[in-house]
Amino acid sequence: MPTPRGAAVIIGGSLLLGAGWALGSEPMETLGFALMALAVIAAAVVLFSRHDLRITRELLPSRTHAHHPVTVSLKIENLGRGSAPLLFIEDRLPHGIGGTSRFAVSGIEKGGTRDASYTITPATRGRYRIGPLDVIVTDPFGLARVRSQRTQASDLLVHPTIEKLSLPRDLGERRTAAASALRQPTGPQGEDFYTLREYAEGDELRKIHWPSTAKRGKVMIRQEETPWHLRATILLDDRRRVHEGVGASASFERAVEAAAALVDLYHRSGYGFRLTTAHQLGITTSKGSEHYHRCLDLLATIETRGSTREEDTSVLGRLAEIEQRQGAEDTLVVLTGTIEAEVARALARCRRLYKQVVVLSWPTHRFAPTSTRARWDGEGQIVAITGVLARSGVRTIVLGPGDRLAPAWTNTRARGGDRTWGQKPELV
């Protein structure tokens, strides 16, 4: 309970009191007794004060993005029968939060209130516990203090940084707003009448349009259409074995930020979208602000799973589930680290269900401190796999630690690996 200053006063008073008694010096005894009495009075002030503090904390906003400031507002009320002495308030901050949360508040009278605030800045995404808050009551001379806990911790959810994207140019007038569903001609299945064409061997006879056949003198078939629904599926590969790097510059963190950018894009564009991972079903397809925030909340706390050495086929199971879904959708985006050959084959099979399939890759050899030869070999494998995907109609974007997503995303040319990437002098 005594502060370092209070302990020094007690020791000094005791020495003066003892020296005065030994030397027969009454002034020294009086001074020593006065110092001892001052320490006792200071302890009584902090122990028997009749104040009763109630402190409430509010985070503005309670959800934010990395590197965005958050204001923590405190309201301090004295509900007791006496005034509160000098207060030192300290809010405990977790690692990764920058800011100063310790300050002093002057004495609060009976029934009085004080407002205080401070600003914090989270460095990375995640869920942070702000608090609990400690109140240190001290006397005016700083000789004694009492620490007590007044509020519980508050949760701060930090979403990933969002890079603004726009729909690719090949979507024409649908780049910025959702219009009517795109449609493709199909043969055996469809929903709405589309056009007529001449009969070809193998067509179903039930599709014959008899009025047109009688009018034209040749067999005509109803050519129907299947709608491309304005829906998108975002698959984030959270397998630990396909990612590399540490901290905010890791390949998985880059993939999470890209997933957040896509969630923001499809939300602004009026799409229904689904967010799923290799190990979790994630958030089902929906629209609206609530759905948007649920997806970002998931991305705020998601971590990699599995082992770096053992085989993990969870993403293949997720792609098989996507392949079996009924109904054509507009876009499938897969965000991964190193693209594996089995995953590439599964993506090629999914191409028939989607108007476009896009793979965003942050390969491990671009993030790991490996040798030049390993980078050359890794880049050669990426070039080969992205070539196979391109022939299947799958667009591939391969990015490194310092590459921005937006320029590559809006460029409709497929971007595979770079054969010279591992040979760049600054990377040797």
# chains A, B, ... in the order shown; residues from 1 in each chain; ligands from 1
$ closest_atom_pairs --of "segment 297-387 of chain A" --to "segment 64-81 of chain A" --cutoff "12 Å" --atoms "only C-alpha atoms" --output "tab-separated table"
residue	atom	partner	partner_atom	distance
A:Asp297	CA	A:Thr64	CA	10.3
A:Leu299	CA	A:His65	CA	11.3
A:Ala300	CA	A:His65	CA	9.0
$ residues_around --residues "segment 26-37 of chain A" --least-positions-apart "6" --cutoff "8 Å" --atoms "only C-alpha atoms" --output "number ranges by chain"
A: 9-10, 12-20
$ atom_distance --atom1 "atom CA of Thr3 of chain A" --atom2 "atom CA of Arg145 of chain A"
6.5 Å
$ closest_residue --among "A:Gly6, A:Gly402, A:Pro168, A:Gly317" --to "Asp139 of chain A" --atoms "only C-alpha atoms"
A:Gly6
$ atom_distance --atom1 "atom CA of Ser154 of chain A" --atom2 "atom CA of Leu93 of chain A"
10.6 Å
$ closest_residue --among "A:Lys287, A:Arg366, A:Arg241, A:Lys215" --to "Glu311 of chain A" --atoms "only C-alpha atoms"
A:Arg241
$ select_by_dssp --residues "segment 58-110 of chain A" --states "strand (DSSP E or B)" --output "PyMOL selection string"
chain A and resi 58-60+63-65+70-78+84+86-91+97-98+102-105+108
$ atom_distance --atom1 "atom CA of Arg404 of chain A" --atom2 "atom CA of Tyr292 of chain A"
22.7 Å
$ closest_residue --among "A:Leu60, A:Val219, A:Asp237, A:Ser249" --to "Thr124 of chain A" --atoms "only C-alpha atoms"
A:Ser249
$ residues_around --residues "segment 350-365 of chain A" --least-positions-apart "6" --cutoff "7 Å" --atoms "only C-alpha atoms" --output "NGL selection string"
:A and (242-244 or 251 or 323 or 328-339 or 375 or 378 or 394-400)
$ write_last_selection --atoms "N, CA and C atoms" --output "tab-separated table (two decimals), in the first residue's frame"
chain	number	residue	atom	x	y	z
A	242	VAL	N	0.11	-24.78	-47.07
A	242	VAL	CA	0.27	-24.07	-48.34
A	242	VAL	C	0.63	-22.61	-48.15
A	243	HIS	N	0.89	-22.20	-46.89
A	243	HIS	CA	1.21	-20.80	-46.61
A	243	HIS	C	2.58	-20.69	-45.96
A	244	GLU	N	3.14	-19.50	-46.04
A	244	GLU	CA	4.47	-19.26	-45.49
A	244	GLU	C	4.55	-17.80	-45.04
A	251	SER	N	1.88	-14.95	-46.21
A	251	SER	CA	1.00	-15.18	-47.35
A	251	SER	C	-0.45	-15.35	-46.92
A	323	GLU	N	-18.63	-28.39	-56.45
A	323	GLU	CA	-18.88	-28.98	-57.77
A	323	GLU	C	-20.24	-29.65	-57.85
A	328	ALA	N	-26.11	-22.58	-61.84
A	328	ALA	CA	-24.90	-21.89	-62.26
A	328	ALA	C	-24.77	-20.55	-61.53
A	329	GLU	N	-23.55	-20.23	-61.15
A	329	GLU	CA	-23.28	-18.96	-60.48
A	329	GLU	C	-22.34	-18.12	-61.33
A	330	ASP	N	-22.16	-16.89	-60.90
A	330	ASP	CA	-21.34	-15.98	-61.69
A	330	ASP	C	-19.86	-16.20	-61.48
A	331	THR	N	-19.40	-16.23	-60.20
A	331	THR	CA	-17.97	-16.22	-59.94
A	331	THR	C	-17.61	-17.15	-58.79
A	332	LEU	N	-16.49	-17.84	-58.96
A	332	LEU	CA	-15.84	-18.59	-57.89
A	332	LEU	C	-14.42	-18.03	-57.77
A	333	VAL	N	-14.07	-17.57	-56.57
A	333	VAL	CA	-12.73	-17.07	-56.31
A	333	VAL	C	-12.10	-17.93	-55.23
A	334	VAL	N	-10.94	-18.48	-55.53
A	334	VAL	CA	-10.20	-19.31	-54.59
A	334	VAL	C	-8.92	-18.57	-54.22
A	335	LEU	N	-8.70	-18.38	-52.92
A	335	LEU	CA	-7.52	-17.69	-52.43
A	335	LEU	C	-6.65	-18.70	-51.70
A	336	THR	N	-5.43	-18.89	-52.17
A	336	THR	CA	-4.58	-19.93	-51.63
A	336	THR	C	-3.14	-19.47	-51.62
A	337	GLY	N	-2.29	-20.34	-51.08
A	337	GLY	CA	-0.85	-20.09	-51.12
A	337	GLY	C	-0.28	-20.72	-52.37
A	338	THR	N	0.43	-21.82	-52.22
A	338	THR	CA	0.94	-22.56	-53.37
A	338	THR	C	-0.19	-23.39	-53.98
A	339	ILE	N	-0.34	-23.32	-55.30
A	339	ILE	CA	-1.39	-24.08	-55.99
A	339	ILE	C	-0.88	-25.50	-56.22
A	375	ARG	N	13.65	-20.82	-55.35
A	375	ARG	CA	12.72	-19.85	-55.94
A	375	ARG	C	12.54	-20.12	-57.43
A	378	GLY	N	10.31	-23.21	-57.67
A	378	GLY	CA	8.94	-22.88	-57.29
A	378	GLY	C	8.23	-22.09	-58.35
A	394	VAL	N	-9.62	-21.06	-66.48
A	394	VAL	CA	-9.51	-20.53	-65.12
A	394	VAL	C	-8.47	-19.41	-65.11
A	395	ARG	N	-8.85	-18.25	-64.63
A	395	ARG	CA	-7.94	-17.12	-64.56
A	395	ARG	C	-7.12	-17.21	-63.28
A	396	THR	N	-5.82	-16.99	-63.40
A	396	THR	CA	-4.92	-17.10	-62.26
A	396	THR	C	-4.16	-15.80	-62.05
A	397	ILE	N	-4.10	-15.34	-60.81
A	397	ILE	CA	-3.32	-14.15	-60.44
A	397	ILE	C	-2.35	-14.58	-59.35
A	398	VAL	N	-1.06	-14.46	-59.63
A	398	VAL	CA	-0.02	-14.85	-58.69
A	398	VAL	C	0.65	-13.58	-58.16
A	399	LEU	N	0.70	-13.45	-56.84
A	399	LEU	CA	1.20	-12.23	-56.21
A	399	LEU	C	2.33	-12.55	-55.23
A	400	GLY	N	3.16	-11.55	-55.01
A	400	GLY	CA	4.25	-11.67	-54.06
A	400	GLY	C	4.04	-10.78	-52.85
